[in-house]
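Structure data follow from upload_0.pdb (PDB, C-alpha atoms):
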ATOM      1  CA  MET A   1     229.359 141.371  65.604  1.00  0.00           C
ATOM      2  CA  ASP A   2     229.424 139.143  68.658  1.00  0.00           C
ATOM      3  CA  ALA A   3     232.717 138.109  70.176  1.00  0.00           C
ATOM      4  CA  LYS A   4     234.033 134.952  68.570  1.00  0.00           C
ATOM      5  CA  THR A   5     236.674 132.553  69.751  1.00  0.00           C
ATOM      6  CA  ASP A   6     236.787 130.463  66.561  1.00  0.00           C
ATOM      7  CA  LEU A   7     238.805 131.711  63.616  1.00  0.00           C
ATOM      8  CA  ARG A   8     238.324 130.762  59.986  1.00  0.00           C
ATOM      9  CA  ALA A   9     238.941 132.678  56.817  1.00  0.00           C
ATOM     10  CA  GLY A  10     236.001 132.993  54.448  1.00  0.00           C
ATOM     11  CA  THR A  11     236.116 130.568  51.547  1.00  0.00           C
ATOM     12  CA  ASP A  12     234.984 133.353  49.192  1.00  0.00           C
ATOM     13  CA  TRP A  13     237.692 135.823  50.293  1.00  0.00           C
ATOM     14  CA  PRO A  14     240.446 136.771  47.824  1.00  0.00           C
ATOM     15  CA  GLU A  15     243.633 134.735  48.376  1.00  0.00           C
ATOM     16  CA  ASP A  16     245.663 137.746  49.575  1.00  0.00           C
ATOM     17  CA  ILE A  17     243.007 138.531  52.224  1.00  0.00           C
ATOM     18  CA  ARG A  18     242.967 134.879  53.356  1.00  0.00           C
ATOM     19  CA  ALA A  19     246.774 134.858  53.637  1.00  0.00           C
ATOM     20  CA  GLU A  20     246.860 138.103  55.630  1.00  0.00           C
ATOM     21  CA  PHE A  21     244.160 136.793  57.962  1.00  0.00           C
ATOM     22  CA  THR A  22     246.325 133.766  58.734  1.00  0.00           C
ATOM     23  CA  THR A  23     249.452 135.799  59.487  1.00  0.00           C
ATOM     24  CA  ASN A  24     247.954 138.907  61.125  1.00  0.00           C
ATOM     25  CA  SER A  25     245.094 137.735  63.358  1.00  0.00           C
ATOM     26  CA  LEU A  26     247.027 138.530  66.564  1.00  0.00           C
ATOM     27  CA  ASN A  27     247.671 142.183  65.618  1.00  0.00           C
ATOM     28  CA  GLY A  28     246.596 144.501  68.460  1.00  0.00           C
ATOM     29  CA  CYS A  29     246.678 147.735  66.419  1.00  0.00           C
ATOM     30  CA  VAL A  30     242.969 148.577  66.243  1.00  0.00           C
ATOM     31  CA  GLY A  31     243.731 151.866  64.495  1.00  0.00           C
ATOM     32  CA  GLN A  32     246.522 153.422  62.487  1.00  0.00           C
ATOM     33  CA  GLN A  33     247.848 155.723  65.188  1.00  0.00           C
ATOM     34  CA  LEU A  34     247.698 155.481  68.970  1.00  0.00           C
ATOM     35  CA  VAL A  35     247.103 159.165  69.712  1.00  0.00           C
ATOM     36  CA  SER A  36     246.734 158.966  73.505  1.00  0.00           C
ATOM     37  CA  GLU A  37     247.377 156.366  76.178  1.00  0.00           C
ATOM     38  CA  SER A  38     246.939 156.337  79.943  1.00  0.00           C
ATOM     39  CA  ASP A  39     246.669 153.670  82.615  1.00  0.00           C
ATOM     40  CA  ARG A  40     242.923 153.520  81.817  1.00  0.00           C
ATOM     41  CA  VAL A  41     242.485 153.955  78.032  1.00  0.00           C
ATOM     42  CA  ARG A  42     244.066 153.798  74.593  1.00  0.00           C
ATOM     43  CA  VAL A  43     242.719 156.275  72.017  1.00  0.00           C
ATOM     44  CA  TRP A  44     243.222 155.367  68.348  1.00  0.00           C
ATOM     45  CA  SER A  45     242.780 157.324  65.129  1.00  0.00           C
ATOM     46  CA  LEU A  46     241.876 155.721  61.799  1.00  0.00           C
ATOM     47  CA  ARG A  47     241.689 157.563  58.446  1.00  0.00           C
ATOM     48  CA  LEU A  48     241.044 155.661  55.234  1.00  0.00           C
ATOM     49  CA  ARG A  49     240.867 157.281  51.817  1.00  0.00           C
ATOM     50  CA  PRO A  50     238.629 155.583  49.229  1.00  0.00           C
ATOM     51  CA  GLY A  51     240.087 152.165  48.422  1.00  0.00           C
ATOM     52  CA  GLU A  52     242.377 152.062  51.492  1.00  0.00           C
ATOM     53  CA  ARG A  53     242.092 149.415  54.180  1.00  0.00           C
ATOM     54  CA  ILE A  54     243.452 148.627  57.592  1.00  0.00           C
ATOM     55  CA  GLY A  55     244.521 145.006  57.836  1.00  0.00           C
ATOM     56  CA  PHE A  56     243.315 142.351  60.209  1.00  0.00           C
ATOM     57  CA  HIS A  57     243.517 143.184  63.884  1.00  0.00           C
ATOM     58  CA  ARG A  58     242.221 141.644  67.100  1.00  0.00           C
ATOM     59  CA  HIS A  59     239.926 143.340  69.608  1.00  0.00           C
ATOM     60  CA  VAL A  60     240.223 141.886  73.129  1.00  0.00           C
ATOM     61  CA  LEU A  61     239.413 144.968  75.229  1.00  0.00           C
ATOM     62  CA  ASP A  62     236.054 146.619  75.817  1.00  0.00           C
ATOM     63  CA  TYR A  63     235.928 149.611  73.495  1.00  0.00           C
ATOM     64  CA  PHE A  64     233.827 152.011  71.508  1.00  0.00           C
ATOM     65  CA  TRP A  65     234.282 153.584  68.115  1.00  0.00           C
ATOM     66  CA  THR A  66     232.790 156.755  66.700  1.00  0.00           C
ATOM     67  CA  ALA A  67     232.594 157.588  62.990  1.00  0.00           C
ATOM     68  CA  LEU A  68     233.684 161.175  62.386  1.00  0.00           C
ATOM     69  CA  THR A  69     232.630 161.168  58.721  1.00  0.00           C
ATOM     70  CA  ASP A  70     229.980 159.556  56.558  1.00  0.00           C
ATOM     71  CA  GLY A  71     231.153 156.615  54.469  1.00  0.00           C
ATOM     72  CA  ARG A  72     230.947 152.969  53.509  1.00  0.00           C
ATOM     73  CA  ALA A  73     233.237 150.108  54.448  1.00  0.00           C
ATOM     74  CA  ARG A  74     233.656 146.374  53.985  1.00  0.00           C
ATOM     75  CA  SER A  75     234.966 144.099  56.743  1.00  0.00           C
ATOM     76  CA  HIS A  76     236.029 140.471  56.743  1.00  0.00           C
ATOM     77  CA  PHE A  77     235.453 138.904  60.162  1.00  0.00           C
ATOM     78  CA  GLY A  78     237.219 136.068  61.959  1.00  0.00           C
ATOM     79  CA  ASP A  79     234.104 133.890  61.783  1.00  0.00           C
ATOM     80  CA  GLY A  80     234.432 133.831  57.968  1.00  0.00           C
ATOM     81  CA  THR A  81     231.748 136.409  57.192  1.00  0.00           C
ATOM     82  CA  THR A  82     232.021 139.599  55.136  1.00  0.00           C
ATOM     83  CA  ARG A  83     229.845 142.640  55.745  1.00  0.00           C
ATOM     84  CA  GLU A  84     229.443 146.071  54.142  1.00  0.00           C
ATOM     85  CA  THR A  85     228.304 148.916  56.395  1.00  0.00           C
ATOM     86  CA  ALA A  86     227.244 152.511  55.799  1.00  0.00           C
ATOM     87  CA  TYR A  87     228.355 154.989  58.473  1.00  0.00           C
ATOM     88  CA  LYS A  88     227.058 158.442  59.373  1.00  0.00           C
ATOM     89  CA  ALA A  89     229.161 160.975  61.246  1.00  0.00           C
ATOM     90  CA  GLY A  90     228.423 160.477  64.938  1.00  0.00           C
ATOM     91  CA  ASP A  91     227.577 156.764  64.676  1.00  0.00           C
ATOM     92  CA  THR A  92     228.992 155.094  67.789  1.00  0.00           C
ATOM     93  CA  ARG A  93     229.095 151.468  68.860  1.00  0.00           C
ATOM     94  CA  HIS A  94     230.209 149.962  72.174  1.00  0.00           C
ATOM     95  CA  MET A  95     231.712 146.467  72.325  1.00  0.00           C
ATOM     96  CA  THR A  96     232.359 144.296  75.383  1.00  0.00           C
ATOM     97  CA  TYR A  97     234.433 141.102  75.638  1.00  0.00           C
ATOM     98  CA  GLY A  98     234.432 138.559  78.445  1.00  0.00           C
ATOM     99  CA  PRO A  99     237.457 136.531  79.504  1.00  0.00           C
ATOM    100  CA  GLY A 100     239.043 134.904  76.448  1.00  0.00           C
ATOM    101  CA  GLU A 101     236.651 136.551  73.976  1.00  0.00           C
ATOM    102  CA  PHE A 102     237.817 138.586  71.011  1.00  0.00           C
ATOM    103  CA  MET A 103     236.959 139.750  67.508  1.00  0.00           C
ATOM    104  CA  VAL A 104     239.247 139.773  64.464  1.00  0.00           C
ATOM    105  CA  HIS A 105     238.434 141.859  61.381  1.00  0.00           C
ATOM    106  CA  ASP A 106     239.775 144.227  58.750  1.00  0.00           C
ATOM    107  CA  LEU A 107     238.208 147.413  57.361  1.00  0.00           C
ATOM    108  CA  GLU A 108     238.278 148.714  53.780  1.00  0.00           C
ATOM    109  CA  ASN A 109     236.843 152.035  52.634  1.00  0.00           C
ATOM    110  CA  VAL A 110     234.565 151.133  49.713  1.00  0.00           C
ATOM    111  CA  GLY A 111     232.985 154.592  49.544  1.00  0.00           C
ATOM    112  CA  ASP A 112     233.988 157.695  47.632  1.00  0.00           C
ATOM    113  CA  SER A 113     235.026 159.915  50.571  1.00  0.00           C
ATOM    114  CA  GLU A 114     237.530 159.681  53.415  1.00  0.00           C
ATOM    115  CA  LEU A 115     236.355 157.509  56.306  1.00  0.00           C
ATOM    116  CA  VAL A 116     237.549 158.636  59.770  1.00  0.00           C
ATOM    117  CA  PHE A 117     237.063 156.892  63.125  1.00  0.00           C
ATOM    118  CA  THR A 118     238.168 157.345  66.721  1.00  0.00           C
ATOM    119  CA  THR A 119     238.367 154.179  68.821  1.00  0.00           C
ATOM    120  CA  VAL A 120     238.760 154.141  72.610  1.00  0.00           C
ATOM    121  CA  GLU A 121     239.879 150.908  74.311  1.00  0.00           C
ATOM    122  CA  PHE A 122     239.412 150.389  78.062  1.00  0.00           C
ATOM    123  CA  LEU A 123     242.474 148.839  79.688  1.00  0.00           C
ATOM    124  CA  ASP A 124     240.530 147.621  82.742  1.00  0.00           C
ATOM    125  CA  SER A 125     238.678 145.033  80.617  1.00  0.00           C
ATOM    126  CA  ASP A 126     238.463 141.297  81.358  1.00  0.00           C
ATOM    127  CA  ASN A 127     241.371 140.575  78.976  1.00  0.00           C
ATOM    128  CA  ARG A 128     244.945 141.805  79.006  1.00  0.00           C
ATOM    129  CA  PRO A 129     245.768 144.351  76.304  1.00  0.00           C
ATOM    130  CA  ILE A 130     247.756 143.162  73.316  1.00  0.00           C
ATOM    131  CA  ASP A 131     251.167 144.796  73.076  1.00  0.00           C
ATOM    132  CA  VAL A 132     251.520 147.218  70.175  1.00  0.00           C
ATOM    133  CA  PRO A 133     254.733 148.447  68.539  1.00  0.00           C
ATOM    134  CA  ASP A 134     256.126 151.820  69.552  1.00  0.00           C
ATOM    135  CA  GLY A 135     255.914 152.947  65.914  1.00  0.00           C
ATOM    136  CA  VAL A 136     252.110 153.338  66.111  1.00  0.00           C
ATOM    137  CA  ARG A 137     252.305 155.735  69.060  1.00  0.00           C
ATOM    138  CA  ARG A 138     252.067 159.439  68.278  1.00  0.00           C
ATOM    139  CA  ALA A 139     255.468 161.026  68.709  1.00  0.00           C
TER     140      ALA A 139
END

Rewrite the structure from the file as structure tokens, please.
Amino acid sequence: MDAKTDLRAGTDWPEDIRAEFTTNSLNGCVGQQLVSESDRVRVWSLRLRPGERIGFHRHVLDYFWTALTDGRARSHFGDGTTRETAYKAGDTRHMTYGPGEFMVHDLENVGDSELVFTTVEFLDSDNRPIDVPDGVRRA
């Protein structure tokens, strides 16, 4: 999905998803656990069992994700669209954002097996990183 700077919830989204989008679109937690962090990168882990989802979060940094397992997911995007995607272990996608650009989305496992991703954000991107709470950092 291309970087978007306009935000609008989808009119066909369930009401709870629309409400969360409104309140959570500035969330910088692009994974469930920040497993490693340096002055150059943040490395995130994401594990979703069937039916689980990670709520809306905002990508502002250049990053890539890699699927570690096969699976299927549904995402609602900040431009109002919804998309289902099938993943194969090893699938990788690189994303780049210019000054002021970002993407907001959620991710729900709609498959029948655990869906696992690693995401690496580059802190030397055009945008400043969003602060994240200490509670997401690996102890």

Worksheet item: Hey, what comes out of the PyMOL selection byres ((chain A and resi 67) around 10) on this file? Could you write it as a ChimeraX atom specification?
Response: /A:46,65-66,68-71,87-93,115-119

Worksheet item: What is the CA of Ile17 (chain A) to CA of Val35 (chain A) distance in Å?
Response: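 If I compute the distance from CA of Ile17 (chain A) to CA of Val35 (chain A), I get 27.4 Å.
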
Worksheet entry | Protein/DNA/RNA residues near (241.2, 156.5, 73.0), cut 12 Å, only C-alpha atoms, as a ChimeraX atom specification | /A:30-31,33-46,61-66,117-123,137

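With CA of His57 (chain A) on one side and CA of Ser75 (chain A) on the other, the separation reads 11.2 Å.
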
To test the calculation: enclose all listed atoms of region 117-133 of chain A in a box whose edges run along x, y and z, add 4 Å on each side, then state centre and edge lengths in Å to one decimal, as lines of an AutoDock Vina configuration file.
center_x = 245.9
center_y = 149.0
center_z = 72.9
size_x = 25.7
size_y = 24.8
size_z = 27.6

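The residues caught by the PyMOL selection byres ((chain A and resi 114) around 7) in this file are Arg47, Leu48, Arg49, Pro50, Ser113, Leu115 and Val116 of chain A.
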
Any chance you could export the current selection's C-alpha atoms as a PDB file, keeping the file's coordinate frame?
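Written out: result-v9.pdb:
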ATOM      1  CA  ARG A  47     241.689 157.563  58.446  1.00  0.00           C
ATOM      2  CA  LEU A  48     241.044 155.661  55.234  1.00  0.00           C
ATOM      3  CA  ARG A  49     240.867 157.281  51.817  1.00  0.00           C
ATOM      4  CA  PRO A  50     238.629 155.583  49.229  1.00  0.00           C
ATOM      5  CA  SER A 113     235.026 159.915  50.571  1.00  0.00           C
ATOM      6  CA  LEU A 115     236.355 157.509  56.306  1.00  0.00           C
ATOM      7  CA  VAL A 116     237.549 158.636  59.770  1.00  0.00           C
TER       8      VAL A 116
END

Practice prompt. On this file, the PyMOL selection byres ((chain A and resi 21) around 12) gives some set of residues; write that set as a PyMOL selection string.
Written response: chain A and resi 7-10+13-20+22-27+54-58+75-80+104-106

Worksheet item: Neighbours of Ala86 (chain A) within 10 Å (only C-alpha atoms; same-chain residues fewer than 6 positions away dropped), as a ChimeraX atom specification?
Response: /A:70-74,110-111

Write the residues of the selection above to a file with C-alpha atoms, as a JSON list (two decimals), in the frame of the given file.
[["chain", "number", "residue", "atom", "x", "y", "z"],
["A", 70, "ASP", "CA", 229.98, 159.56, 56.56],
["A", 71, "GLY", "CA", 231.15, 156.62, 54.47],
["A", 72, "ARG", "CA", 230.95, 152.97, 53.51],
["A", 73, "ALA", "CA", 233.24, 150.11, 54.45],
["A", 74, "ARG", "CA", 233.66, 146.37, 53.98],
["A", 110, "VAL", "CA", 234.56, 151.13, 49.71],
["A", 111, "GLY", "CA", 232.98, 154.59, 49.54]]

Worksheet item: Using all atoms listed in the file, which residue out of A:Asp126, A:Glu84, A:Asp131, A:Glu52 lies closest to Asn109 (chain A)?
Response: A:Glu52

Discussion item. Residues proximal to (243.8, 142.7, 76.6) were defined as those with any atom within 6 Å of that point in the file's coordinates, counting all atoms listed in the file. Which are they, as a list of chain:residue names?
Written reply: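 Returned residue set, sorted by chain then number, is A:Val60, A:Leu61, A:Asn127, A:Arg128, A:Pro129, A:Ile130.
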
Practice prompt. Quote the spacing between CA of Arg53 (chain A) and CA of Pro133 (chain A) in Å to one decimal place.
Written response: 19.2 Å

Item to complete: Considering all atoms listed in the file, state which residue in the set A:Leu107, A:Tyr97, A:Asp124, A:Thr11 is at the smallest distance from Thr81 (chain A).
Response: A:Thr11
